[in-house]
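The data block below is data.txt; it holds compact mmCIF, C-alpha atoms.
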# COMPACT_ATOMS: atom_id res chain seq x y z
CA MET A 714 7.97 23.02 -2.45
CA ALA A 715 10.54 23.42 0.28
CA PHE A 716 9.74 22.26 3.76
CA SER A 717 8.48 25.13 5.83
CA HIS A 718 9.50 23.41 9.04
CA SER A 719 13.21 23.33 9.85
CA PHE A 720 14.84 20.80 12.14
CA GLU A 721 18.16 19.53 13.34
CA TYR A 722 19.32 16.36 11.57
CA PHE A 723 21.39 13.48 12.97
CA ARG A 724 22.65 10.39 11.20
CA PRO A 725 23.90 7.92 13.84
CA GLY A 726 25.94 4.94 12.69
CA THR A 727 25.20 2.69 15.65
CA LEU A 728 22.22 1.77 17.75
CA ALA A 729 23.93 3.04 20.91
CA GLU A 730 24.47 6.41 19.27
CA ALA A 731 20.85 6.56 18.09
CA LEU A 732 19.51 5.66 21.55
CA SER A 733 21.71 8.25 23.23
CA LEU A 734 20.39 10.93 20.82
CA LEU A 735 16.86 9.79 21.56
CA ASP A 736 17.49 10.14 25.30
CA GLN A 737 19.12 13.51 24.83
CA TYR A 738 16.22 14.97 22.80
CA LYS A 739 13.46 13.22 24.70
CA GLY A 740 10.12 14.02 23.13
CA ASP A 741 11.62 16.44 20.60
CA ALA A 742 13.01 13.84 18.23
CA ARG A 743 11.39 11.79 15.51
CA LEU A 744 13.04 8.75 14.00
CA LEU A 745 13.45 8.81 10.23
CA ALA A 746 13.61 5.53 8.34
CA GLY A 747 12.34 5.53 4.74
CA GLY A 748 10.65 8.86 5.34
CA THR A 749 7.70 8.16 3.05
CA ASP A 750 5.31 8.96 5.89
CA LEU A 751 7.36 11.37 7.99
CA ALA A 752 8.35 13.61 5.07
CA VAL A 753 4.69 14.02 4.09
CA HIS A 754 3.73 14.73 7.69
CA ILE A 755 6.44 17.37 8.06
CA LYS A 756 5.46 18.94 4.73
CA GLU A 757 1.82 19.11 5.69
CA ASN A 758 2.62 20.34 9.21
CA MET A 759 1.14 17.23 10.80
CA ALA A 760 4.53 16.69 12.44
CA THR A 761 6.93 19.44 13.54
CA PRO A 762 9.82 17.66 15.25
CA PRO A 763 12.73 19.92 16.30
CA VAL A 764 15.07 16.95 15.80
CA VAL A 765 15.11 14.19 13.19
CA ILE A 766 17.24 11.11 13.77
CA ASP A 767 17.91 9.20 10.55
CA VAL A 768 18.36 5.51 11.43
CA LYS A 769 19.11 4.31 7.88
CA ARG A 770 22.86 4.20 8.52
CA VAL A 771 22.59 2.28 11.78
CA THR A 772 24.70 -0.75 10.93
CA ASP A 773 24.20 -2.91 14.01
CA PHE A 774 20.53 -3.82 13.93
CA PRO A 775 20.39 -7.60 14.49
CA GLY A 776 20.61 -9.38 11.12
CA SER A 777 17.50 -10.52 9.26
CA ARG A 778 16.94 -14.27 8.96
CA VAL A 779 14.35 -16.07 6.86
CA SER A 780 13.62 -19.78 7.14
CA PRO A 781 10.40 -21.80 6.76
CA LYS A 782 10.33 -22.25 10.55
CA ALA A 783 10.99 -18.71 11.69
CA LEU A 784 11.52 -15.22 10.42
CA TYR A 785 13.33 -12.17 11.74
CA LEU A 786 13.20 -8.94 9.76
CA ASN A 787 15.24 -6.07 11.13
CA ALA A 788 14.36 -2.39 11.11
CA SER A 789 16.32 -1.72 7.92
CA THR A 790 14.11 -4.06 5.88
CA THR A 791 12.29 -2.24 3.09
CA PHE A 792 9.15 -3.49 1.40
CA SER A 793 11.18 -4.10 -1.75
CA ASP A 794 13.53 -6.32 0.30
CA ILE A 795 10.49 -8.43 1.21
CA VAL A 796 9.00 -8.43 -2.30
CA ASN A 797 12.32 -9.52 -3.81
CA HIS A 798 12.84 -12.36 -1.30
CA ALA A 799 11.84 -15.62 -3.03
CA ASP A 800 12.16 -17.80 0.10
CA LEU A 801 10.03 -15.41 2.15
CA ARG A 802 7.37 -15.45 -0.57
CA LYS A 803 7.26 -19.25 -0.46
CA ALA A 804 7.18 -19.62 3.33
CA TYR A 805 5.07 -16.58 4.29
CA PRO A 806 2.85 -15.81 1.27
CA MET A 807 0.47 -13.65 3.31
CA LEU A 808 3.23 -11.31 4.45
CA TRP A 809 4.70 -11.23 0.94
CA GLU A 810 1.37 -10.35 -0.67
CA ALA A 811 0.75 -7.64 1.91
CA ALA A 812 4.18 -6.10 1.25
CA ARG A 813 3.62 -6.16 -2.50
CA SER A 814 0.29 -4.41 -2.08
CA VAL A 815 1.90 -1.40 -0.39
CA ALA A 816 2.02 1.73 -2.59
CA SER A 817 4.32 1.46 -5.62
CA VAL A 818 7.88 0.34 -6.41
CA GLY A 819 9.36 3.81 -5.84
CA ILE A 820 7.83 3.94 -2.35
CA ARG A 821 8.59 0.30 -1.51
CA ASN A 822 12.25 0.84 -2.37
CA ARG A 823 12.45 3.28 0.49
CA ALA A 824 9.66 2.55 2.97
CA THR A 825 10.52 0.11 5.75
CA LEU A 826 8.42 -2.52 7.43
CA ALA A 827 9.43 -1.06 10.80
CA GLY A 828 8.46 2.48 9.85
CA ASN A 829 5.14 1.22 8.59
CA ILE A 830 4.38 -0.70 11.77
CA CYS A 831 5.34 2.31 13.87
CA SER A 832 3.05 4.55 11.78
CA ALA A 833 0.25 2.17 12.79
CA VAL A 834 -2.45 3.41 10.47
CA PRO A 835 -5.75 1.47 10.53
CA SER A 836 -5.19 0.36 6.90
CA LEU A 837 -1.74 -1.13 7.64
CA ASP A 838 -1.46 -3.85 4.99
CA VAL A 839 1.11 -5.99 6.79
CA ALA A 840 -0.82 -5.94 10.08
CA PRO A 841 -3.15 -8.88 9.29
CA ALA A 842 -0.13 -11.05 8.45
CA LEU A 843 1.71 -10.07 11.63
CA LEU A 844 -1.44 -10.67 13.71
CA CYS A 845 -2.12 -14.06 12.09
CA TYR A 846 1.49 -15.19 12.59
CA ASP A 847 1.49 -13.88 16.21
CA ALA A 848 4.53 -11.70 15.50
CA ILE A 849 6.77 -10.29 18.21
CA VAL A 850 8.06 -6.72 17.92
CA HIS A 851 11.56 -6.21 19.32
CA VAL A 852 12.43 -2.76 20.64
CA ALA A 853 15.45 -1.28 22.39
CA SER A 854 16.00 1.64 24.73
CA SER A 855 19.13 2.77 26.55
CA SER A 856 18.07 0.57 29.48
CA GLY A 857 17.75 -2.63 27.45
CA THR A 858 15.54 -4.50 25.02
CA ARG A 859 12.02 -5.80 25.31
CA GLU A 860 9.60 -7.85 23.27
CA ILE A 861 6.07 -6.69 22.58
CA SER A 862 3.42 -9.04 21.22
CA ILE A 863 1.84 -7.67 18.04
CA HIS A 864 -1.48 -8.19 19.85
CA ASP A 865 -0.44 -5.50 22.35
CA TRP A 866 1.24 -3.25 19.79
CA PHE A 867 -1.65 -1.32 18.25
CA ILE A 868 -3.25 1.06 20.76
CA SER A 869 -5.26 3.44 18.57
CA PRO A 870 -4.84 4.99 15.11
CA ARG A 871 -1.16 6.01 14.76
CA LYS A 872 -0.42 5.04 18.38
CA THR A 873 1.62 1.99 19.36
CA ALA A 874 3.05 0.45 22.51
CA CYS A 875 6.53 1.66 21.48
CA LEU A 876 7.72 4.43 23.80
CA GLY A 877 9.34 7.66 22.65
CA THR A 878 12.69 6.53 24.04
CA GLU A 879 12.59 3.21 22.19
CA ILE A 880 13.73 2.17 18.75
CA MET A 881 12.22 -0.78 16.96
CA LEU A 882 14.87 -3.39 16.17
CA GLY A 883 12.78 -5.78 14.12
CA ILE A 884 9.92 -8.27 14.12
CA SER A 885 10.00 -12.02 14.52
CA ILE A 886 7.56 -14.72 13.52
CA THR A 887 7.50 -18.38 14.39
CA ALA A 888 5.68 -20.40 11.75
CA PRO A 889 2.98 -22.89 12.82
CA ALA A 890 4.54 -26.30 13.50
CA VAL A 891 2.31 -28.09 11.00
CA LYS A 892 1.86 -27.46 7.28
CA HIS A 893 0.20 -24.10 6.75
CA SER A 894 -0.57 -21.48 4.18
CA GLY A 895 -1.86 -17.95 4.12
CA ILE A 896 -3.27 -15.27 1.89
CA TYR A 897 -3.76 -11.50 2.03
CA LEU A 898 -6.69 -9.95 0.22
CA LYS A 899 -6.78 -6.20 -0.29
CA GLN A 900 -9.75 -4.37 -1.67
CA GLY A 901 -8.91 -0.97 -3.09
CA ARG A 902 -10.55 1.41 -5.51
CA TYR A 903 -8.09 0.35 -8.19
CA ARG A 904 -5.01 -1.82 -8.36
CA GLY A 905 -1.72 -0.14 -7.61
CA GLU A 906 -0.91 2.60 -5.17
CA ASP A 907 -4.03 2.88 -3.05
CA LEU A 908 -4.78 2.40 0.61
CA ALA A 909 -7.09 -0.49 1.46
CA GLN A 910 -10.83 -0.08 1.69
CA ALA A 911 -10.59 -3.36 3.55
CA GLY A 912 -7.83 -5.92 4.06
CA LEU A 913 -8.07 -9.52 5.25
CA GLY A 914 -5.38 -12.02 6.13
CA VAL A 915 -6.29 -15.71 6.38
CA LEU A 916 -4.01 -18.42 7.73
CA ILE A 917 -4.92 -22.11 7.60
CA THR A 918 -3.06 -25.11 9.00
CA SER A 919 -3.28 -28.76 7.95
CA ASP A 920 -4.87 -29.57 11.34
CA LEU A 921 -7.69 -27.16 10.49
CA GLN A 922 -6.81 -24.21 12.65
CA TYR A 923 -7.78 -20.87 11.18
CA ARG A 924 -6.53 -17.37 11.88
CA LEU A 925 -8.22 -14.29 10.48
CA ALA A 926 -7.27 -10.64 10.76
CA TYR A 927 -8.77 -7.53 9.21
CA CYS A 928 -7.35 -4.07 8.59
CA ALA A 929 -8.97 -0.78 7.50
CA VAL A 930 -12.32 -1.76 9.03
CA GLY A 931 -11.77 -0.60 12.59
CA PRO A 932 -9.60 1.90 14.49
CA ILE A 933 -6.77 -0.66 14.68
CA PRO A 934 -6.09 -3.90 12.78
CA PHE A 935 -7.48 -6.90 14.69
CA ARG A 936 -7.92 -10.68 14.80
CA ALA A 937 -11.45 -12.02 14.23
CA ARG A 938 -11.22 -14.57 17.03
CA ALA A 939 -14.93 -15.31 17.37
CA ILE A 940 -15.09 -16.33 13.71
CA GLU A 941 -11.88 -18.38 14.11
CA ALA A 942 -13.50 -20.28 16.98
CA VAL A 943 -16.44 -21.28 14.78
CA LEU A 944 -14.11 -22.51 12.03
CA ASN A 945 -11.43 -24.24 14.08
CA GLY A 946 -11.28 -28.01 13.70
CA LYS A 947 -13.78 -28.06 10.87
CA VAL A 948 -13.44 -28.77 7.17
CA LEU A 949 -14.67 -25.88 5.06
CA THR A 950 -18.16 -26.46 3.70
CA ALA A 951 -20.63 -24.06 2.12
CA GLU A 952 -22.63 -24.22 5.33
CA LEU A 953 -19.66 -23.45 7.57
CA ILE A 954 -18.63 -20.54 5.39
CA SER A 955 -22.18 -19.17 5.59
CA SER A 956 -22.09 -19.34 9.39
CA ALA A 957 -18.75 -17.53 9.42
CA LYS A 958 -20.00 -14.86 7.03
CA ALA A 959 -23.04 -14.26 9.23
CA MET A 960 -20.70 -13.17 12.03
CA VAL A 961 -18.82 -10.56 9.98
CA GLN A 962 -21.30 -7.72 10.60
CA ASP A 963 -20.67 -7.94 14.35
CA THR A 964 -16.91 -8.39 13.95
CA VAL A 965 -15.83 -5.44 11.86
CA HIS A 966 -16.41 -1.78 12.73
CA PRO A 967 -15.80 0.23 9.59
CA ILE A 968 -16.45 3.91 9.07
CA THR A 969 -17.29 5.91 5.96
CA ASP A 970 -14.32 7.87 4.61
CA ILE A 971 -12.89 9.18 1.35
CA ARG A 972 -12.17 5.67 0.09
CA SER A 973 -15.39 3.85 0.84
CA SER A 974 -18.73 3.89 2.62
CA LYS A 975 -19.26 1.95 5.81
CA GLU A 976 -21.97 -0.10 4.08
CA TYR A 977 -19.66 -1.10 1.23
CA ARG A 978 -16.97 -2.12 3.69
CA LEU A 979 -19.42 -4.26 5.67
CA HIS A 980 -20.44 -5.99 2.46
CA ILE A 981 -16.96 -6.51 1.03
CA CYS A 982 -15.71 -7.95 4.34
CA GLU A 983 -18.16 -10.83 3.92
CA VAL A 984 -17.16 -11.38 0.31
CA MET A 985 -13.48 -11.31 1.25
CA LEU A 986 -13.99 -13.83 4.04
CA GLU A 987 -15.68 -16.35 1.75
CA ARG A 988 -13.19 -15.97 -1.09
CA GLY A 989 -10.22 -15.82 1.29
CA LEU A 990 -11.19 -19.06 3.05
CA LYS A 991 -11.72 -20.91 -0.23
CA ALA A 992 -8.50 -19.59 -1.73
CA VAL A 993 -6.31 -20.32 1.28
CA GLU A 994 -7.60 -23.89 1.39
CA GLN A 995 -6.67 -24.32 -2.28
CA ARG A 996 -3.28 -22.83 -1.61
CA LEU A 997 -2.67 -25.21 1.29
CA ASN A 998 -3.38 -28.01 -1.18
CA GLY A 999 -0.75 -26.74 -3.59
CA ALA A 1000 -2.70 -24.43 -5.92
CA GLU A 1001 -0.69 -21.50 -7.25
CA PHE A 1002 -2.38 -18.20 -8.06
CA ASP A 1003 -2.03 -14.48 -7.55
CA SER A 1004 -4.20 -13.25 -4.67
CA ALA A 1005 -4.65 -9.94 -6.49
CA GLU A 1006 -6.95 -11.78 -8.94
CA ILE A 1007 -9.34 -13.04 -6.28
CA LEU A 1008 -11.25 -9.81 -5.81
CA GLY A 1009 -10.99 -8.86 -9.48
CA GLY A 1010 -10.44 -5.26 -10.52
CA MET B 176 23.69 24.49 6.62
CA ALA B 177 25.44 21.18 6.27
CA LYS B 178 27.75 19.85 3.57
CA VAL B 179 26.60 16.84 1.58
CA LYS B 180 28.86 14.97 -0.79
CA LEU B 181 27.16 12.76 -3.32
CA THR B 182 27.65 11.38 -6.80
CA LEU B 183 25.26 12.85 -9.34
CA ASN B 184 25.21 11.16 -12.76
CA ASN B 185 28.73 9.83 -12.14
CA GLU B 186 30.13 13.19 -11.06
CA THR B 187 31.10 13.94 -7.46
CA ARG B 188 29.31 17.00 -6.14
CA THR B 189 29.49 18.73 -2.78
CA ILE B 190 26.69 21.09 -1.79
CA ASP B 191 25.46 23.05 1.19
CA VAL B 192 21.94 22.18 2.24
CA GLU B 193 19.50 22.90 5.03
CA PRO B 194 18.27 19.66 6.62
CA CYS B 195 14.72 20.47 5.53
CA GLU B 196 15.53 20.81 1.82
CA THR B 197 14.20 17.99 -0.32
CA LEU B 198 16.38 16.14 -2.77
CA LEU B 199 13.97 17.29 -5.49
CA ASP B 200 14.49 20.99 -4.70
CA VAL B 201 18.24 20.58 -4.38
CA LEU B 202 18.51 18.69 -7.67
CA ARG B 203 16.51 21.32 -9.52
CA ASP B 204 17.64 24.52 -7.82
CA LYS B 205 21.19 23.86 -6.67
CA LEU B 206 22.44 21.12 -8.99
CA GLY B 207 20.77 22.19 -12.23
CA MET B 208 18.94 18.93 -12.94
CA LYS B 209 15.56 19.93 -14.34
CA SER B 210 14.26 16.51 -15.36
CA PRO B 211 12.74 15.54 -11.98
CA LYS B 212 9.44 17.39 -11.72
CA CYS B 213 7.29 18.46 -8.83
CA GLY B 214 3.81 17.03 -9.34
CA CYS B 215 1.88 16.02 -6.25
CA ASP B 216 4.75 16.78 -3.84
CA ARG B 217 3.66 13.89 -1.60
CA GLY B 218 4.98 10.73 -3.25
CA ASP B 219 1.90 9.72 -5.20
CA CYS B 220 2.54 10.79 -8.80
CA GLY B 221 6.10 9.70 -9.61
CA ALA B 222 7.06 12.85 -11.55
CA CYS B 223 10.02 13.42 -9.22
CA ALA B 224 11.46 9.88 -9.52
CA VAL B 225 15.24 9.50 -9.57
CA LEU B 226 17.51 6.53 -8.91
CA ILE B 227 19.47 6.26 -5.68
CA ASP B 228 22.09 3.52 -5.91
CA GLY B 229 20.08 2.10 -8.84
CA LYS B 230 16.70 2.04 -7.12
CA SER B 231 13.86 4.38 -8.03
CA VAL B 232 12.76 6.70 -5.25
CA ARG B 233 10.54 9.75 -4.81
CA SER B 234 12.90 12.71 -4.53
CA CYS B 235 10.11 14.87 -3.06
CA LEU B 236 10.02 12.62 0.03
CA ILE B 237 13.76 12.58 0.67
CA PHE B 238 15.83 15.19 2.43
CA ALA B 239 18.95 15.92 0.39
CA ILE B 240 20.99 15.57 3.56
CA GLU B 241 20.04 11.87 3.70
CA CYS B 242 21.94 11.23 0.47
CA GLU B 243 25.49 11.61 1.81
CA GLY B 244 27.77 9.28 -0.15
CA GLN B 245 25.05 7.95 -2.42
CA HIS B 246 24.80 7.68 -6.19
CA ILE B 247 21.96 9.71 -7.66
CA THR B 248 20.95 9.19 -11.28
CA THR B 249 18.49 11.49 -13.01
CA LEU B 250 17.19 11.24 -16.55
CA GLU B 251 20.11 13.43 -17.63
CA GLY B 252 22.45 10.67 -16.45
CA ILE B 253 20.52 7.93 -18.23
CA SER B 254 20.68 9.63 -21.63
CA GLY B 255 24.39 10.37 -21.66
CA ASP B 256 25.57 11.12 -25.20
CA GLN B 257 22.83 9.18 -26.91
CA LEU B 258 19.30 8.10 -26.16
CA SER B 259 18.71 4.69 -24.61
CA ILE B 260 16.80 1.95 -26.46
CA LEU B 261 13.91 2.73 -24.16
CA GLN B 262 13.92 6.42 -25.01
CA GLU B 263 14.04 5.65 -28.75
CA ALA B 264 10.99 3.42 -28.27
CA PHE B 265 9.11 6.18 -26.47
CA ILE B 266 9.72 8.46 -29.47
CA GLU B 267 8.65 5.77 -31.92
CA PHE B 268 5.34 5.22 -30.12
CA ASN B 269 4.76 8.92 -29.48
CA SER B 270 4.35 7.83 -25.87
CA PHE B 271 4.11 11.24 -24.26
CA GLN B 272 2.00 14.30 -24.89
CA CYS B 273 2.69 17.03 -22.33
CA GLY B 274 5.79 15.17 -21.17
CA TYR B 275 5.59 16.13 -17.51
CA CYS B 276 5.51 12.50 -16.34
CA ALA B 277 8.11 11.35 -18.88
CA PRO B 278 11.30 11.60 -16.78
CA GLY B 279 9.69 9.66 -13.92
CA VAL B 280 8.25 7.04 -16.25
CA ILE B 281 11.64 6.52 -17.91
CA ILE B 282 13.31 6.20 -14.50
CA SER B 283 10.79 3.53 -13.40
CA ALA B 284 11.00 1.67 -16.71
CA THR B 285 14.79 1.78 -16.68
CA GLU B 286 14.85 0.23 -13.21
CA LEU B 287 12.37 -2.45 -14.33
CA LEU B 288 14.29 -3.46 -17.45
CA LYS B 289 17.53 -3.67 -15.51
CA SER B 290 16.17 -6.21 -13.01
CA ASN B 291 13.71 -7.85 -15.43
CA PRO B 292 14.82 -7.36 -19.08
CA HIS B 293 11.75 -9.09 -20.55
CA PRO B 294 8.72 -8.16 -18.43
CA ASN B 295 5.17 -9.06 -19.38
CA LEU B 296 2.41 -6.45 -19.51
CA GLU B 297 1.31 -7.09 -15.91
CA GLU B 298 4.85 -6.63 -14.64
CA ILE B 299 5.16 -3.38 -16.58
CA LYS B 300 1.88 -2.11 -15.11
CA GLU B 301 3.03 -3.05 -11.61
CA ALA B 302 6.38 -1.28 -12.07
CA LEU B 303 4.65 1.86 -13.34
CA SER B 304 1.76 1.88 -10.87
CA GLY B 305 3.35 4.82 -9.05
CA ASN B 306 3.71 6.98 -12.18
CA LEU B 307 0.65 8.98 -13.09
CA CYS B 308 0.16 10.13 -16.69
CA ARG B 309 -2.89 12.28 -17.35
CA CYS B 310 -2.48 12.51 -21.15
CA THR B 311 -1.95 9.17 -22.80
CA GLY B 312 -4.05 6.53 -21.06
CA TYR B 313 -0.74 4.63 -20.66
CA GLN B 314 -1.11 2.34 -23.67
CA PRO B 315 1.61 3.97 -25.81
CA ILE B 316 3.89 3.93 -22.74
CA PHE B 317 3.34 0.19 -22.23
CA ASP B 318 3.80 -0.42 -25.97
CA ALA B 319 7.15 1.36 -25.95
CA ILE B 320 8.45 -0.54 -22.94
CA LEU B 321 7.39 -3.88 -24.48
CA LYS B 322 9.15 -2.92 -27.72
CA ALA B 323 12.31 -1.87 -25.88
CA SER B 324 12.31 -5.11 -23.90
CA LYS B 325 12.20 -7.10 -27.14
CA GLU B 326 15.18 -5.19 -28.48
CA THR B 327 17.20 -5.95 -25.37
CA LYS B 328 19.20 -9.10 -26.06
CA LYS B 329 17.97 -12.27 -24.36

File written out as structure tokens:
Amino acid sequence: MAFSHSFEYFRPGTLAEALSLLDQYKGDARLLAGGTDLAVHIKENMATPPVVIDVKRVTDFPGSRVSPKALYLNASTTFSDIVNHADLRKAYPMLWEAARSVASVGIRNRATLAGNICSAVPSLDVAPALLCYDAIVHVASSSGTREISIHDWFISPRKTACLGTEIMLGISITAPAVKHSGIYLKQGRYRGEDLAQAGLGVLITSDLQYRLAYCAVGPIPFRARAIEAVLNGKVLTAELISSAKAMVQDTVHPITDIRSSKEYRLHICEVMLERGLKAVEQRLNGAEFDSAEILGG
Amino acid sequence: MAKVKLTLNNETRTIDVEPCETLLDVLRDKLGMKSPKCGCDRGDCGACAVLIDGKSVRSCLIFAIECEGQHITTLEGISGDQLSILQEAFIEFNSFQCGYCAPGVIISATELLKSNPHPNLEEIKEALSGNLCRCTGYQPIFDAILKASKETKK
């Protein structure tokens, strides 16, 4: 099927060129990265931009850097780039597992982390990881650059703090100073190419600090700070996990949709919390396993 | 209309396209490559898979104009003068029935075996998770890929 909507297409080679186009076509332009979202939206008439600016050939995004202490992934980074990065997998397992859970290889080869974050759907798989690692989003406009905390990034479904005249440059993460590990659990109807019914990221540090973030069970992905506060400083026991689980019903705000009922989501969020906490503790202590096995299916 | 120059199955081609034309439509209607199929038309089924610079992509989600200067490989380019080991294995296992998903499956499997010549069953399933087949139940497809991977020299 051909696209019914026609548009003007630009392929800038530099950031300055892209920003100047964005200024010129204020409000009329949409940025095109991997296109796995935008192309569908244009096809289904959910988006009808008069101008499309393809940023895939922009060559001067700041370079990506991955080390156990800090991470910077620029706007050109595809999900396959993340999945194929052995050092990133080792240092940031939660982010790696979230990236691997996105769609399928043929989509991940094209779809970018930046495009995904800017799409800002409630089921955004990488959001829990970015929230747990307190990521910073770097954006640029023709008047300069600015940093936006991931905690201020998500406004409502599909709406972010990024302005129409801004281009996302990349995201950065600073790892916790002490030994840490993380895990991402995704519950879907089946494995492979499905959006999450619920997603949970869990980060644990050797000094017993916990960070928890859910996606797909509220209008935007969010940190479960009240539950974190109950866990922080404490060794995981069956009793502590029970107390944490008892708070889940008041923490998540799922709806019923095509993928799941609200009641199922409420239930699975408790199950995920218990299994996620136990698994991340094992991982911190050196256990190796595939998080996809934890929820079965 | 804009001119796009790309390499299709090792041949340089220059074509006129509208920005809104998908790579899938241009491959089928302007470049004569009928192996990529239109299934779901929204990136879910994998029937339209082709390789761009060696990586599998969904040609229904790409504007042809994005492909300036890139190398596109369709199933026609993988076969060449003779069938690949993988394609021979698909015949041996009678892996396809209606055949609509076959070009996309072969593209995905070709990409997999290039980066990982000896995948296990889980890795094969992961690589093919974006290719829907409504006929076979997948088992004969997995069997063929496993067989082909054993015939590829270690």

(request) Kindly determine which residues of chain A lie within 8 Å of chain B, considering all atoms listed in the file, and give the answer as a PyMOL selection string. (result) chain A and resi 714-722+748-749+752-753+767+816-820+822-823+905-906

(message) I need every residue sitting at most 9 Å from the point (-21.3, -15.4, 7.0) (coordinates as in the file, only C-alpha atoms considered), written as a ChimeraX atom specification.
(response) /A:953-962,983-984,986-987

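Coordinates place CA of Leu808 (chain A) at a distance of 14.5 Å from CA of Gly989 (chain A).
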
Might you pull out every residue within 8 Å of Ile896 (chain A), with all atoms listed in the file counted and same-chain residues fewer than 3 positions away left off, and present them as a PDB file with C-alpha atoms, in the frame of the given file?
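As a result, around_10.pdb now contains:
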ATOM      1  CA  PRO A 806       2.850 -15.810   1.270  1.00  0.00           C
ATOM      2  CA  MET A 807       0.470 -13.650   3.310  1.00  0.00           C
ATOM      3  CA  GLU A 810       1.370 -10.350  -0.670  1.00  0.00           C
ATOM      4  CA  GLY A 914      -5.380 -12.020   6.130  1.00  0.00           C
ATOM      5  CA  VAL A 915      -6.290 -15.710   6.380  1.00  0.00           C
ATOM      6  CA  LEU A 916      -4.010 -18.420   7.730  1.00  0.00           C
ATOM      7  CA  GLY A 989     -10.220 -15.820   1.290  1.00  0.00           C
ATOM      8  CA  ALA A 992      -8.500 -19.590  -1.730  1.00  0.00           C
ATOM      9  CA  VAL A 993      -6.310 -20.320   1.280  1.00  0.00           C
ATOM     10  CA  SER A1004      -4.200 -13.250  -4.670  1.00  0.00           C
TER      11      SER A1004
END

(request) For region 771-775 of chain A, list every protein, DNA or RNA residue within 10 Å, evaluated using all atoms listed in the file, and leave out those in the same chain fewer than 5 positions away; present the list as a PyMOL selection string. (result) chain A and resi 724-731+785-789+881-883

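Using all atoms listed in the file, the nearest neighbour of Asn291 (chain B) within the list A:Lys991, A:Asp736, A:Asn797, A:Asp741 is A:Asn797.
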
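The interatomic distance for the pair CA of Val768 (chain A) and CA of Ile849 (chain A) works out to 20.7 Å.
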
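One finds CA of Arg904 (chain A) at 21.1 Å from CA of Glu976 (chain A).
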
(message) What's around Arg938 (chain A) at 8 Å? Count all atoms listed in the file, leave out sequence neighbours fewer than 3 positions away in its own chain, and write the answer as JSON, numbers by chain.
(response) {"A": [924, 925, 941, 942]}

(request) May I have the residues within 10 Å of Lys322 (chain B) as JSON, numbers by chain, using all atoms listed in the file and disregarding those fewer than 2 positions away in the same chain? (result) {"B": [260, 261, 263, 264, 265, 267, 268, 293, 316, 317, 318, 319, 320, 324, 325, 326, 327]}

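The residue set within 7 Å of region 851-864 of chain A, counting only C-alpha atoms and dropping same-chain residues fewer than 5 places from it, reads Leu732, Ser733, Leu843, Leu844, Thr878, Glu879, Ile880, Met881, Leu882, Gly883 and Ile884 of chain A.
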
Taking all atoms of region 186-204 of chain B that appear in the file, build a box with edges along x, y and z, extend it by 8 Å on every side, and state its centre and edge lengths in Å to one decimal, as AutoDock Vina command-line options.
--center_x 22.5 --center_y 18.9 --center_z -2.2 --size_x 33.1 --size_y 27.3 --size_z 33.7

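If only C-alpha atoms are the atoms counted, then among B:Cys223, B:Cys276, B:Leu258, B:Cys310 the closest residue to Pro211 (chain B) is B:Cys223.
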
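The nearest approach to Ala824 (chain A) among the residues A:Ile886, A:Ala746, A:Val765, A:Ala812, with only C-alpha atoms taken into account, belongs to A:Ala746.
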
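Considering the residues A:Thr918, A:Gly946, A:Ser836, A:Phe867 and counting all atoms listed in the file, Arg972 (chain A) has its shortest atom-to-atom contact with A:Ser836.
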
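Counting only C-alpha atoms and comparing B:Ala323, B:Leu250, B:Gly214, B:Asp256, the residue that lies closest to Leu202 (chain B) is B:Leu250.
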